[in-house]
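Enquirer: First the structure, then my questions, so here it is.
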Amino acid sequence: MPKANRVGEFFIWQGITMAGNLLYGLLCVRLLSIADYAKFVVVFAIQGSLVVLMDVGITGSLVPLIGQRIDDRQLIADYVASLRQLAHWFFAVIAPATAIVYPLLVRNRHWSWQTVAAMVAILLVSVWFARVGAAYGAVLIIRRDRQRWYQAQMVSSLGTLALLGIFYGFHWLNAFSAILINVSGIITVGLVCYVRAHHLLGVYGVPSKEKRSAIVQYTMPAIPSVMYFALQGPLSILLITIFGRTAGVASVGAVSRFGTIFTLFAQMNPVLIEPYFARLPKTQFKSHYFGAVAAAGGFGLAMVALARLFPGMFLWVLGPKYANLRVEILLVITASAIGYVSGIMAAINSARRFVYYWDNIARNILTVILQAVFIWKADLSSVRTVLWFGIVTGLPSLVLQTAVTFYGFTHGPRRIVGVDD
């Protein structure tokens with residue numbers, strides 16, 4: 001399929017999907033009480049981190065390790081089987097850790113033990129199926145069955161939106177029904193990708209030490225950073241959960257919904273951007289790289305300007321409960337724009353195997369120093385302060401991805417034993 005058609009297909013299918021997801025989240029903001037929406041926010045903030053910790057970047061290794069050998073179905077199946085084995089080991093650690101740590105994180109919310117136990121169970125189920133969807137969804141991308149991947153996402157998005165309407169119409173909508181409807185969409189995507197991937201491959205994958213080693217070798221430099229930023233991801237929500245009030249938790253969650261504006265474009269990274277740059281000839285790489293980053297930066301600046309000049313447009317969407325969050329809107333959009341640009345750079349660097357130990361170590365150290373100073377000096381019970389914390393967290397990644405880019409251009413990609421030999 002020509003490049004223009006692929007991009008157009010992506011925006012049609014994913015535009016519908018993201019519109020459904022964004023509308024679902026915004027309806028939850030408006031329809032749920034502040035107390036119920038706070039529960040919704042905390043569950044899915046933690047879920048995002050657990051999904052990353054469950055994967056630690058191993059799913060992203062499939063595209064660069066398979067490279068141009070997309071017709072070797074046995075090779076793909078073997079890599080997926082080896083990846084699945086690693087994921088099982090990670091889950092064996094994640095599950096008991098979640099059962100212990102999550103109640104400690106939310107203890108200041110004074111939720112009943114039944115509520116907290118239900119949240120833990122929901123988290124583990126959703127994380128498992130999110131991992132399934134990511135791993136087998138990667139097979140669909142590699143085998144160029146993007147349309148089925150798009151369809152699974154769209155059915156999930158529109159289906160959960162329809163269920164939300166039904167539950168609201170029958171007065172069944174509360175924190176847990178909203179959470180469970182969202183989780184049902186995650187399960188749907190996981191099952192569809194699993195079934196379709198098995199149909200596309202048609203062979204049984206055999207895990208091997210060699211394949212596990214290649215996956216680990218590729219992801220090892222990034223694992224410390226992935227694990228670190230998995231914990232950083234929900235940190236703003238966790239800080240306001242621990243130090244702030246319930247209304248503050250709901251407010252941070254509400255304005256953060258506008259960060260999903262960038263998600264539609266960020267989802268291009270594994271689906272289109274990374275495979276495209278992985279196959280791109282070296283002679284065309286530099287010009288295309290800087291073109292992609294310039295486009296991402298321009299879009300981010302445009303959204304920041306819109307939030308600065310017309311904050312009332314965003315606040316109208318959130319509803320009267322959150323009408324005083326004008327500056328908070330700008331802070332969220334700014335943090336999301338920074339994350340979007342650095343995410344584009346990280347995806348392209350990963351595709352070309354510009355993955356090194358030094359940048360992850362430097363990023364972690366720099367971020368820790370900035371955050372430590374911020375936490376020491378700032379009032380973390382304030383919504384505005386917590387959102388500034390998100391900006392501080394994102395800046396080191398942008399700076400280090402820029403450094404990685406220039407290092408990769410001058411020193412070349414990292415070699416992988418067993419792949420480059």
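By order of appearance in the structure tokens: chains A, B, ..., then residues from 1 within every chain, and ligands from 1 in the order shown.
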For the structure I just gave you, how does DSSP split segment 18-211 of chain A - specifically, which residues are alpha helix (DSSP H)? Reply as JSON, numbers by chain.

Expert: {"A": [18, 19, 20, 21, 22, 23, 24, 25, 26, 27, 28, 29, 30, 31, 34, 35, 36, 37, 38, 39, 40, 41, 42, 43, 44, 45, 46, 47, 48, 49, 50, 51, 52, 53, 54, 55, 62, 63, 64, 65, 66, 73, 74, 75, 76, 77, 78, 79, 80, 81, 82, 83, 84, 85, 86, 87, 88, 89, 90, 91, 92, 93, 94, 95, 96, 97, 98, 99, 100, 101, 102, 103, 104, 105, 113, 114, 115, 116, 117, 118, 119, 120, 121, 122, 123, 124, 125, 126, 127, 128, 129, 130, 131, 132, 133, 134, 135, 136, 137, 138, 139, 140, 141, 142, 146, 147, 148, 149, 150, 151, 152, 153, 154, 155, 156, 157, 158, 159, 160, 161, 162, 163, 164, 165, 166, 167, 168, 169, 175, 176, 177, 178, 179, 180, 181, 182, 183, 184, 185, 186, 187, 188, 189, 190, 191, 192, 193, 194, 195, 196, 197, 198, 199, 200, 201, 209, 210, 211]}

Enquirer: Hey, what's within 10 Å of segment 349-364 of chain A if we count only C-alpha atoms and toss same-chain stuff fewer than 2 positions away? As number ranges by chain, please?

Expert: A: 60-61, 63-65, 67, 218-226, 228-229, 269-270, 273-280, 282, 285, 289, 343-347, 366-369, 395-409, 411-416

Enquirer: Produce a table with one row for each residue of segment 234-339 of chain A that has an atom at most 10 Å from any atom of segment 30-38 of chain A, each row naming the nearest atom pair and its distance in Å at one decimal; use only C-alpha atoms; arrange rows by chain and rising residue number; format as a Markdown table.

Expert:
| residue | atom | partner | partner_atom | distance |
| --- | --- | --- | --- | --- |
| A:Ile237 | CA | A:Ala38 | CA | 9.7 |
| A:Thr241 | CA | A:Ala38 | CA | 8.8 |
| A:Arg245 | CA | A:Ala38 | CA | 9.7 |
| A:Thr246 | CA | A:Ala38 | CA | 6.3 |
| A:Ala247 | CA | A:Ile34 | CA | 6.2 |
| A:Gly248 | CA | A:Ala38 | CA | 8.5 |
| A:Val249 | CA | A:Ala38 | CA | 5.5 |
| A:Ala250 | CA | A:Ala38 | CA | 4.6 |
| A:Ser251 | CA | A:Ile34 | CA | 8.4 |
| A:Val252 | CA | A:Ala38 | CA | 9.2 |
| A:Gly253 | CA | A:Ala38 | CA | 7.5 |
| A:Ala254 | CA | A:Tyr37 | CA | 8.5 |
| A:Val317 | CA | A:Arg30 | CA | 8.5 |
| A:Leu318 | CA | A:Arg30 | CA | 6.3 |
| A:Gly319 | CA | A:Arg30 | CA | 6.1 |
| A:Pro320 | CA | A:Arg30 | CA | 8.6 |
| A:Lys321 | CA | A:Arg30 | CA | 8.0 |
| A:Tyr322 | CA | A:Arg30 | CA | 9.4 |

Enquirer: Can you tell me how far atom CA of Phe90 of chain A sits from atom CA of Val125 of chain A, in Å to one decimal?

Expert: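 Separating atom CA of Phe90 of chain A from atom CA of Val125 of chain A is a distance of 14.3 Å.
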
Enquirer: Residues near segment 91-100 of chain A, anyone? I mean within 9 Å using only C-alpha atoms, not counting same-chain ones fewer than 5 positions away, as a PyMOL selection string.

Expert: chain A and resi 50+53-54+86+117+120-121+123-124+128

Enquirer: Give me, please, the distance in Å between atom CA of Trp113 of chain A and atom CA of Val43 of chain A, quoted to one decimal.

Expert: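 It comes out at 14.8 Å.
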
Enquirer: Atom CA of Ile179 of chain A and atom CA of Ile122 of chain A, how far apart in Å?

Expert: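 Computing it gives 8.4 Å between the two atoms.
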
Enquirer: From the list A:Asp145, A:Ser236, A:Ser256, A:Gln284, which residue is nearest Trp388 of chain A when using only C-alpha atoms?

Expert: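 Ranking A:Asp145, A:Ser236, A:Ser256, A:Gln284 by distance to Trp388 of chain A, first place goes to A:Ser236.
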